[in-house]
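Trainee: Pasting a structure here, questions to come.
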Amino acid sequence: MISYFGTNAAFFEDLKNTLDIDLSSSMRHVTDPSLVQLEKSDLVLIGPDIVQPVKYVQEIVHQDRYISIFVLRNMNDFQSVKQSLQFSPSVGKNSSVILFDRGINFTNTFHNAVTRTQQKRSFDKLNTDETKIAMLSSSPVRFENLGDALEIAPIGILMLDKDANIIGANRRSKAMFSQIHHNIISLRDLFNEKMTERILADAVQKSESVIEIEDLQGHFYEITNSGFNETGVLLLLISDITERKEKDKRIHFILESLPQISWTADAEGRIDFFSQAWYSYTNQIQEDALGNGWHGMVHAQDLTSFVSKFKEAIQHNRIFQHAVRLRQSNGEFRWHLCRVVLVEGLKALTQFWAGTFTDVHDQVVNTERLEQKVKERTRLLEETNAELEQFVHVASHDLREPLRKIKTFSNMIKDDSAGTLTENSKRFLDKVIETSERMTRLLKDLLNFNSLRNDTGVTDVQLNDVINQAIEDLELVISQGNAEIDVAPLPSIKGRPHQIKQLFFNLIGNSLKYVTEGARPKISITGTILPSEKIIDFEYLSFKKSYLEIVIQDNGIGFSQEYSNQIFTIFQRLHVKGSYEGNGIGLAICKKIVTNHGGAITAVSSPGSGAAFHIILPVN
């Protein structure tokens with residue numbers, strides 16, 4: 001019987017739906033974990049809505065020390081509850097915390113817990129029968145005397161006396177060890193002397209322990225040692241882990257073949273394997289490196305941040321990557337990019353982490369040198385640009401006034417001489433007015449282009465909000481073309497809101513402008529975090545930062561890929577003037593905005609197949 005203690009009935013039904021029919025039919029919902037409520041229970045589940053689960057675990061253990069208890073928690077408080085349970089008294093050895101995920105089937109986990117409860121109760125009942133103990137101690141092995149629950153248990157069970165003689169074994173043990181079929185034998189006939197003495201030492205201390213050992217035939221087992229009880233009987237629970245060990249060997253072999261430093265860690269993040277590349281690089285030995293020993297090889301300035309972010313990734317079960325400096329055997333530090341992924345098995349308890357350290361020191365150093373050169377050149381350019389900006393500002397304003405007069409007087413001449421002008425004269429005046437208007441727009445765009453670097457206010461930018469504002473400004477054009485714009489959810493970044501809005505306004509407007517005649521414009525905007533291995537493809541990006549890659553894809557007329565760089569140059573146009581409105585500054589403004597934010601912009605297209613603009617911006 002499985003008892004669920006929690007107030008959320010809907011969660012109880014969700015949990016039942018993750019189990020097979022036989023197991024779910026044995027579940028019941030209790031409202032109070034009292035002795036009466038939990039009577040005949042083999043497993044107690046404490047729901048995630050219980051505020052103080054440890055207190056209830058202590059009460060349940062006080063009532064029944066053999067019952068298995070699982071505290072089900074969500075990701076937000078899994079670690080804190082787990083730590084509370086680990087360090088709280090009177091919670092017993094049969095209690096644990098499980099991260100509940102609706103995508104995981106807990107049938108096997110719950111079934112094994114129920115079996116363990118039944119086995120321990122059967123063994124306790126056997127221990128209280130002195131006649132059976134005496135019989136087992138003085139007779140050949142009699143498997144039937146272990147009791148029904150122990151006999152059919154899915155794991156091996158051995159009963160030993162104080163001299164390590166096997167006085168009882170179940171069916172599963174018989175299948176594991178052919179030596180115990182007929183005669184009473186010693187544990188030393190199964191394992192070597194060193195391992196046997198270790199098992200007996202743990203048993204004398206009466207402390208439950210779990211160890212992995214190898215038998216004389218080369219098979220591996222995980223043995224849980226219950227300790228000698230008052231009657232001098234020792235119970236060993238044995239699981240064959242040979243297949244798991246073989247899988248571990250294959251995984252380690254694959255990791256050893258990688259050119260990077262590779263490693264694995266358990267579900268809690270404790271490293272249990274390093275490839276030989278680590279030991280060659282650091283000159284550590286295995287005993288010093290595993291667990292948390294490798295911390296000593298991380299630069300002191302990087303360690304706290306690295307460990308903190310790794311723990312955060314473990315709590316949220318997500319991919320982790322971080323640049324960190326590692327000390328090599330000669331004492332020097334080199335930059336490495338650490339990347340860690342979660343490897344999940346069929347059950348939540350079989351998951352582990354696999355990671356690599358990739359040497360990116362040369363790239364980081366070159367990037368830093370490049371950044372320093374950029375800073376030096378930027379300082380010189382700023383001095384020149386200050387003068388150039390002043391010139392552009394004055395020139396633009398001085399030119400706009402005579403243009404305004406040209407347009408005004410041309411209109412006056414046209415109106416005053418409407419009855420005397422020839423058709424050619426009217427056409428010539430229209431050309432003058434149109435040219436002056438185009439020149440005015442050009443000067444206005446130049447001023448906008450020039451003013452971009454003066455916008456220094458950096459704040460949080462909600463990308464979806466900014467894009468919606470740009471779409472609202474283009475509402476008339478969108479309506480006229482019956483355009484379809486699909487915008488995926490995007491995160492917030494640090495940036496200059498006015499410039500980011502101008503960026504999307506120009507790019508969306510560009511897609512609305514260059515459409516195939518008669519076609520309905522379709523534009524999609526998506527975003528993903530740029531993979532670390534792609535950062536190297538962009539000269540000015542830094543390994544120390546995270547970047548968001550936004551893609552604006554349209555179904556327009558497109559262009560030849562050979563012009564993908566030319567389109568971002570100021571005044572460069574791929575089409576004859578008059579065929580499409582514009583002056584060749586819009587995409588140049590986009591590039592300048594992205595550059596101002598420390599990012600990059602590229603375009604991918606082919607004639608007649610639309611265009612995709614890839615915008616890469618730092619998250620912070």
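Simple scheme: letters A, B, ... for chains in structure tokens order, numbers from 1 for residues in each chain, numbers from 1 for ligands in the order shown.
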Would you pick out the contacts of Phe504 (chain A) at 9 Å or less, using only C-alpha atoms, so that residues sharing its chain but fewer than 6 positions from it are not included, and give the list as a list in words?
Mentor: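 Answer for this query is Val466, Ile467, Ala470, Ile471 and Cys590 of chain A.
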Trainee: Report as a PyMOL selection string: the residues of region 65-298 of chain A with a DSSP assignment of helix (DSSP H, G or I), based on the backbone of this structure.
Mentor: chain A and resi 75-86+107-127+130-138+143-146+148-151+171-176+178-180+187-189+193-204+242-256+276-282+286-289+293-297
Trainee: Please save C-alpha atoms of the selected residues as an mmCIF file, in the first residue's frame.
Mentor:
data_model
loop_
_atom_site.group_PDB
_atom_site.id
_atom_site.type_symbol
_atom_site.label_atom_id
_atom_site.label_comp_id
_atom_site.auth_asym_id
_atom_site.auth_seq_id
_atom_site.Cartn_x
_atom_site.Cartn_y
_atom_site.Cartn_z
ATOM 1 C CA MET A 75 12.721 22.488 -8.634
ATOM 2 C CA ASN A 76 12.392 25.739 -6.672
ATOM 3 C CA ASP A 77 12.911 24.149 -3.233
ATOM 4 C CA PHE A 78 14.397 20.729 -4.063
ATOM 5 C CA GLN A 79 17.905 21.528 -2.797
ATOM 6 C CA SER A 80 16.829 23.307 0.368
ATOM 7 C CA VAL A 81 14.486 20.491 1.439
ATOM 8 C CA LYS A 82 17.115 17.894 0.597
ATOM 9 C CA GLN A 83 19.688 19.646 2.795
ATOM 10 C CA SER A 84 17.180 19.988 5.633
ATOM 11 C CA LEU A 85 16.458 16.257 5.485
ATOM 12 C CA GLN A 86 20.169 15.371 5.398
ATOM 13 C CA THR A 107 6.741 3.032 -11.221
ATOM 14 C CA ASN A 108 10.067 1.217 -10.740
ATOM 15 C CA THR A 109 11.284 3.667 -8.095
ATOM 16 C CA PHE A 110 8.122 3.281 -6.000
ATOM 17 C CA HIS A 111 7.974 -0.478 -6.534
ATOM 18 C CA ASN A 112 11.557 -0.934 -5.284
ATOM 19 C CA ALA A 113 10.828 1.224 -2.228
ATOM 20 C CA VAL A 114 7.779 -0.894 -1.374
ATOM 21 C CA THR A 115 9.872 -4.057 -1.748
ATOM 22 C CA ARG A 116 12.585 -2.684 0.566
ATOM 23 C CA THR A 117 10.011 -1.968 3.274
ATOM 24 C CA GLN A 118 8.579 -5.457 3.016
ATOM 25 C CA GLN A 119 12.062 -7.035 3.085
ATOM 26 C CA LYS A 120 13.118 -5.169 6.232
ATOM 27 C CA ARG A 121 9.893 -6.029 8.018
ATOM 28 C CA SER A 122 10.282 -9.694 7.076
ATOM 29 C CA PHE A 123 13.870 -9.715 8.247
ATOM 30 C CA ASP A 124 12.897 -8.084 11.550
ATOM 31 C CA LYS A 125 10.210 -10.703 12.034
ATOM 32 C CA LEU A 126 12.770 -13.406 11.314
ATOM 33 C CA ASN A 127 15.204 -11.924 13.840
ATOM 34 C CA GLU A 130 15.147 -17.326 18.028
ATOM 35 C CA THR A 131 14.265 -20.863 16.950
ATOM 36 C CA LYS A 132 14.694 -19.980 13.264
ATOM 37 C CA ILE A 133 17.968 -18.184 13.963
ATOM 38 C CA ALA A 134 19.355 -21.161 15.828
ATOM 39 C CA MET A 135 18.237 -23.464 13.008
ATOM 40 C CA LEU A 136 19.839 -21.272 10.363
ATOM 41 C CA SER A 137 23.087 -21.063 12.355
ATOM 42 C CA SER A 138 23.460 -24.824 12.754
ATOM 43 C CA PHE A 143 16.408 -20.725 1.326
ATOM 44 C CA GLU A 144 12.800 -21.229 2.355
ATOM 45 C CA ASN A 145 13.540 -19.952 5.838
ATOM 46 C CA LEU A 146 14.124 -16.404 4.632
ATOM 47 C CA ASP A 148 8.299 -15.021 1.223
ATOM 48 C CA ALA A 149 9.139 -11.318 0.793
ATOM 49 C CA LEU A 150 12.893 -11.900 1.012
ATOM 50 C CA GLU A 151 12.766 -14.991 -1.174
ATOM 51 C CA ARG A 171 16.594 -16.915 -4.946
ATOM 52 C CA ARG A 172 18.295 -13.880 -6.496
ATOM 53 C CA SER A 173 21.527 -14.546 -4.557
ATOM 54 C CA LYS A 174 21.484 -18.121 -5.781
ATOM 55 C CA ALA A 175 21.379 -16.844 -9.370
ATOM 56 C CA MET A 176 24.276 -14.477 -8.685
ATOM 57 C CA SER A 178 26.618 -20.535 -7.928
ATOM 58 C CA GLN A 179 28.896 -21.395 -4.963
ATOM 59 C CA ILE A 180 26.051 -21.140 -2.430
ATOM 60 C CA LEU A 187 31.755 -14.727 2.330
ATOM 61 C CA ARG A 188 35.481 -15.166 1.638
ATOM 62 C CA ASP A 189 34.576 -17.736 -0.994
ATOM 63 C CA GLU A 193 39.932 -11.226 2.078
ATOM 64 C CA LYS A 194 40.352 -7.439 2.016
ATOM 65 C CA MET A 195 36.777 -6.771 0.877
ATOM 66 C CA THR A 196 35.348 -9.332 3.304
ATOM 67 C CA GLU A 197 37.155 -7.723 6.254
ATOM 68 C CA ARG A 198 35.839 -4.311 5.205
ATOM 69 C CA ILE A 199 32.251 -5.609 5.146
ATOM 70 C CA LEU A 200 32.658 -7.224 8.590
ATOM 71 C CA ALA A 201 34.231 -4.059 10.029
ATOM 72 C CA ASP A 202 31.262 -1.979 8.886
ATOM 73 C CA ALA A 203 28.895 -4.568 10.311
ATOM 74 C CA VAL A 204 30.601 -4.534 13.745
ATOM 75 C CA THR A 242 28.306 -5.224 -13.700
ATOM 76 C CA GLU A 243 26.305 -3.897 -16.650
ATOM 77 C CA ARG A 244 26.397 -0.379 -15.231
ATOM 78 C CA LYS A 245 30.154 -0.642 -14.735
ATOM 79 C CA GLU A 246 30.560 -1.762 -18.326
ATOM 80 C CA LYS A 247 28.525 1.231 -19.478
ATOM 81 C CA ASP A 248 30.692 3.501 -17.320
ATOM 82 C CA LYS A 249 33.786 2.023 -18.947
ATOM 83 C CA ARG A 250 32.372 2.711 -22.410
ATOM 84 C CA ILE A 251 31.472 6.275 -21.437
ATOM 85 C CA HIS A 252 34.936 6.824 -19.985
ATOM 86 C CA PHE A 253 36.539 5.357 -23.096
ATOM 87 C CA ILE A 254 34.578 7.802 -25.274
ATOM 88 C CA LEU A 255 35.535 10.724 -23.036
ATOM 89 C CA GLU A 256 39.190 9.675 -23.095
ATOM 90 C CA GLN A 276 43.813 11.452 -18.377
ATOM 91 C CA ALA A 277 44.106 14.870 -20.037
ATOM 92 C CA TRP A 278 43.248 16.493 -16.681
ATOM 93 C CA TYR A 279 45.988 14.699 -14.799
ATOM 94 C CA SER A 280 48.522 15.453 -17.542
ATOM 95 C CA TYR A 281 47.553 19.136 -17.526
ATOM 96 C CA THR A 282 47.396 19.706 -13.740
ATOM 97 C CA GLN A 286 43.096 10.949 -8.838
ATOM 98 C CA GLU A 287 42.604 10.953 -5.063
ATOM 99 C CA ASP A 288 43.280 14.697 -4.909
ATOM 100 C CA ALA A 289 41.188 15.668 -7.931
ATOM 101 C CA GLY A 293 39.692 18.524 -4.996
ATOM 102 C CA TRP A 294 39.815 20.039 -8.479
ATOM 103 C CA HIS A 295 38.771 23.402 -7.007
ATOM 104 C CA GLY A 296 42.416 24.060 -6.192
ATOM 105 C CA MET A 297 43.229 24.156 -9.915
#
Trainee: Hey, what's within 12 Å of Glu472 (chain A) if we count only C-alpha atoms and toss same-chain stuff fewer than 4 positions away? As a list in words, please?
Mentor: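 Everything that qualifies: Asp465, Val466, Ile467, Asn468, Leu476, Val477, Ile478, Ser479, Ile485, Lys501, Phe504, Phe505, Ile508 and Gly509 of chain A.
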Trainee: For the selection just defined, write its residues with N, CA and C atoms to a file, as a short mmCIF file (atom, residue, chain, number, x, y, z; two decimals), in the first residue's frame.
Mentor:
data_model
loop_
_atom_site.label_atom_id
_atom_site.label_comp_id
_atom_site.auth_asym_id
_atom_site.auth_seq_id
_atom_site.Cartn_x
_atom_site.Cartn_y
_atom_site.Cartn_z
N ASP A 465 8.50 44.14 -26.42
CA ASP A 465 7.83 45.44 -26.32
C ASP A 465 8.35 46.40 -27.39
N VAL A 466 9.68 46.42 -27.56
CA VAL A 466 10.29 47.33 -28.54
C VAL A 466 9.85 46.96 -29.96
N ILE A 467 9.82 45.66 -30.25
CA ILE A 467 9.40 45.22 -31.59
C ILE A 467 7.94 45.60 -31.84
N ASN A 468 7.10 45.43 -30.82
CA ASN A 468 5.69 45.81 -30.98
C ASN A 468 5.54 47.31 -31.26
N LEU A 476 0.52 51.36 -40.96
CA LEU A 476 -0.10 51.69 -42.24
C LEU A 476 0.49 50.84 -43.37
N VAL A 477 1.83 50.73 -43.42
CA VAL A 477 2.49 49.94 -44.46
C VAL A 477 2.09 48.47 -44.34
N ILE A 478 2.02 47.98 -43.09
CA ILE A 478 1.64 46.58 -42.87
C ILE A 478 0.22 46.34 -43.34
N SER A 479 -0.66 47.28 -43.05
CA SER A 479 -2.06 47.14 -43.45
C SER A 479 -2.21 47.19 -44.97
N ILE A 485 3.24 39.13 -39.70
CA ILE A 485 4.47 39.22 -38.90
C ILE A 485 4.31 38.33 -37.68
N LYS A 501 14.87 50.05 -30.97
CA LYS A 501 13.62 50.23 -31.71
C LYS A 501 13.92 50.65 -33.15
N PHE A 504 14.96 47.56 -35.29
CA PHE A 504 13.88 46.71 -35.76
C PHE A 504 12.95 47.45 -36.73
N PHE A 505 12.77 48.75 -36.52
CA PHE A 505 11.95 49.55 -37.44
C PHE A 505 12.55 49.50 -38.84
N ILE A 508 12.43 45.62 -40.26
CA ILE A 508 11.08 45.20 -40.63
C ILE A 508 10.59 46.02 -41.82
N GLY A 509 10.89 47.32 -41.80
CA GLY A 509 10.52 48.17 -42.94
C GLY A 509 11.20 47.74 -44.21
#
Trainee: Would you list the contacts of Val594 (chain A) as a ChimeraX atom specification, taking every protein, DNA or RNA residue within 10 Å and counting only C-alpha atoms, but skipping same-chain residues closer than 2 positions in sequence?
Mentor: /A:495,499-500,503,589-592,596-601,615-618
Trainee: Go ahead and write the residues just picked, N, CA, C and O atoms, as a CSV table (one decimal), in the first residue's frame.
Mentor:
chain,number,residue,atom,x,y,z
A,495,GLY,N,20.6,47.5,-23.2
A,495,GLY,CA,20.8,48.2,-24.4
A,495,GLY,C,20.2,49.6,-24.4
A,495,GLY,O,19.8,50.1,-23.3
A,499,GLN,N,17.7,53.1,-29.8
A,499,GLN,CA,18.4,52.5,-30.9
A,499,GLN,C,17.9,51.2,-31.3
A,499,GLN,O,17.8,50.8,-32.5
A,500,ILE,N,17.6,50.3,-30.3
A,500,ILE,CA,17.0,49.0,-30.6
A,500,ILE,C,15.7,49.1,-31.4
A,500,ILE,O,15.5,48.3,-32.3
A,503,LEU,N,16.5,49.9,-34.9
A,503,LEU,CA,17.1,48.8,-35.5
A,503,LEU,C,16.0,47.9,-36.1
A,503,LEU,O,16.0,47.5,-37.3
A,589,ILE,N,22.6,52.3,-40.8
A,589,ILE,CA,22.2,52.7,-39.4
A,589,ILE,C,22.1,51.4,-38.6
A,589,ILE,O,22.5,51.4,-37.4
A,590,CYS,N,21.5,50.3,-39.1
A,590,CYS,CA,21.3,49.1,-38.4
A,590,CYS,C,22.7,48.5,-37.9
A,590,CYS,O,22.9,48.1,-36.8
A,591,LYS,N,23.7,48.6,-38.8
A,591,LYS,CA,25.0,48.0,-38.5
A,591,LYS,C,25.6,48.9,-37.4
A,591,LYS,O,26.3,48.4,-36.5
A,592,LYS,N,25.4,50.2,-37.5
A,592,LYS,CA,26.0,51.1,-36.5
A,592,LYS,C,25.4,50.8,-35.1
A,592,LYS,O,26.1,50.8,-34.1
A,596,ASN,N,27.4,49.6,-31.9
A,596,ASN,CA,27.4,50.4,-30.7
A,596,ASN,C,27.1,49.5,-29.5
A,596,ASN,O,27.5,49.8,-28.3
A,597,HIS,N,26.4,48.4,-29.7
A,597,HIS,CA,26.0,47.5,-28.6
A,597,HIS,C,27.0,46.3,-28.4
A,597,HIS,O,26.8,45.4,-27.6
A,598,GLY,N,28.1,46.3,-29.2
A,598,GLY,CA,29.1,45.3,-29.1
A,598,GLY,C,28.7,44.0,-29.7
A,598,GLY,O,29.1,42.9,-29.3
A,599,GLY,N,27.8,44.1,-30.7
A,599,GLY,CA,27.3,42.8,-31.4
A,599,GLY,C,27.8,42.7,-32.8
A,599,GLY,O,28.7,43.3,-33.3
A,600,ALA,N,27.0,42.0,-33.6
A,600,ALA,CA,27.3,41.8,-35.0
A,600,ALA,C,26.0,41.6,-35.8
A,600,ALA,O,25.0,41.1,-35.2
A,601,ILE,N,26.1,41.9,-37.1
A,601,ILE,CA,24.9,41.7,-38.0
A,601,ILE,C,25.3,41.1,-39.3
A,601,ILE,O,26.3,41.6,-39.8
A,615,ILE,N,21.0,39.1,-36.2
A,615,ILE,CA,21.4,40.1,-35.3
A,615,ILE,C,22.0,39.5,-34.1
A,615,ILE,O,21.2,38.7,-33.4
A,616,ILE,N,23.2,39.7,-33.7
A,616,ILE,CA,23.8,39.1,-32.5
A,616,ILE,C,24.1,40.3,-31.5
A,616,ILE,O,24.9,41.2,-31.8
A,617,LEU,N,23.4,40.2,-30.3
A,617,LEU,CA,23.5,41.2,-29.3
A,617,LEU,C,23.9,40.6,-28.0
A,617,LEU,O,23.4,39.5,-27.7
A,618,PRO,N,24.8,41.2,-27.2
A,618,PRO,CA,25.1,40.7,-25.9
A,618,PRO,C,23.9,40.8,-25.0
A,618,PRO,O,23.2,41.8,-25.0
Trainee: Would you mind reading off the distance between CA of Thr569 (chain A) and CA of Gly586 (chain A), one decimal, in Å?
Mentor: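 So the two atoms, CA of Thr569 (chain A) and CA of Gly586 (chain A), lie 9.6 Å apart.
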Trainee: Run DSSP on the backbone and give me the residues of region 197-365 of chain A it puts in strand (DSSP E or B), as a count of residues only.
Mentor: 57
Trainee: So the first atom is CA of Ala267 (chain A) and the second is CA of Gln351 (chain A); what is the distance between them in Å, to one decimal place?
Mentor: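 Value for the CA of Ala267 (chain A)-CA of Gln351 (chain A) distance: 5.9 Å.
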Trainee: Residues near region 514-518 of chain A, anyone? I mean within 6 Å using only C-alpha atoms, not counting same-chain ones fewer than 2 positions away, as a PDB file with all heavy atoms, in the first residue's frame.
Mentor:
ATOM      1  N   SER A 511      12.027  44.653 -44.969  1.00  0.00           N
ATOM      2  CA  SER A 511      11.341  43.445 -45.438  1.00  0.00           C
ATOM      3  C   SER A 511       9.990  43.781 -46.075  1.00  0.00           C
ATOM      4  O   SER A 511       9.551  43.103 -47.008  1.00  0.00           O
ATOM      5  CB  SER A 511      11.136  42.477 -44.268  1.00  0.00           C
ATOM      6  OG  SER A 511      12.374  41.992 -43.791  1.00  0.00           O
ATOM      7  N   LEU A 512       9.330  44.822 -45.563  1.00  0.00           N
ATOM      8  CA  LEU A 512       8.045  45.233 -46.137  1.00  0.00           C
ATOM      9  C   LEU A 512       8.217  45.931 -47.481  1.00  0.00           C
ATOM     10  O   LEU A 512       7.320  45.918 -48.327  1.00  0.00           O
ATOM     11  CB  LEU A 512       7.317  46.175 -45.167  1.00  0.00           C
ATOM     12  CG  LEU A 512       6.860  45.554 -43.835  1.00  0.00           C
ATOM     13  CD1 LEU A 512       6.361  46.644 -42.894  1.00  0.00           C
ATOM     14  CD2 LEU A 512       5.766  44.515 -44.071  1.00  0.00           C
ATOM     15  N   GLY A 556      10.821  38.053 -49.244  1.00  0.00           N
ATOM     16  CA  GLY A 556      10.937  39.096 -50.261  1.00  0.00           C
ATOM     17  C   GLY A 556      11.742  38.694 -51.471  1.00  0.00           C
ATOM     18  O   GLY A 556      11.990  37.505 -51.727  1.00  0.00           O
ATOM     19  N   ILE A 557      12.183  39.711 -52.216  1.00  0.00           N
ATOM     20  CA  ILE A 557      12.866  39.460 -53.487  1.00  0.00           C
ATOM     21  C   ILE A 557      14.277  38.925 -53.290  1.00  0.00           C
ATOM     22  O   ILE A 557      14.853  38.320 -54.199  1.00  0.00           O
ATOM     23  CB  ILE A 557      12.917  40.743 -54.340  1.00  0.00           C
ATOM     24  CG1 ILE A 557      13.698  41.841 -53.590  1.00  0.00           C
ATOM     25  CG2 ILE A 557      11.511  41.211 -54.690  1.00  0.00           C
ATOM     26  CD1 ILE A 557      13.907  43.094 -54.411  1.00  0.00           C
TER      27      ILE A 557
END
Trainee: Please determine, counting only C-alpha atoms, which residue among A:Gln301, A:Asn17, A:Ser96, A:Asn555 has the shortest atom-to-atom distance to Val71 (chain A).
Mentor: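 The closest residue to Val71 (chain A) is A:Ser96.
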Trainee: For Phe559 (chain A), find every residue with an atom within 7 Å (counting only C-alpha atoms), except residues of its own chain fewer than 6 positions away, and show them as a VMD selection string.
Mentor: chain A and resid 605 to 607
Trainee: Please dump the current selection as a tab-separated table (two decimals), in the first residue's frame; keep N, CA and C atoms.
Mentor:
chain	number	residue	atom	x	y	z
A	605	SER	N	20.99	35.41	-48.04
A	605	SER	CA	19.91	35.53	-49.02
A	605	SER	C	20.33	34.95	-50.36
A	606	SER	N	19.34	34.82	-51.22
A	606	SER	CA	19.56	34.49	-52.62
A	606	SER	C	18.38	35.08	-53.39
A	607	PRO	N	18.59	35.45	-54.65
A	607	PRO	CA	17.53	36.11	-55.42
A	607	PRO	C	16.24	35.29	-55.46
Trainee: Name the residues in contact with Leu337 (chain A) at a cut-off of 8 Å, using only C-alpha atoms, excluding same-chain residues fewer than 3 positions from it; report them as a ChimeraX atom specification.
Mentor: /A:321-324,356-360
Trainee: Smallest atom-to-atom distance to Val364 (chain A): which of A:Cys338, A:Leu99, A:Ile536, A:Met1, using only C-alpha atoms?
Mentor: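 Smallest distance to Val364 (chain A) is found for A:Ile536.
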Trainee: Just give me the gap between CA of Asn464 (chain A) and CA of Asn510 (chain A) in Å, one decimal is fine.
Mentor: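 Rounded to one decimal, the two atoms are 18.8 Å apart.
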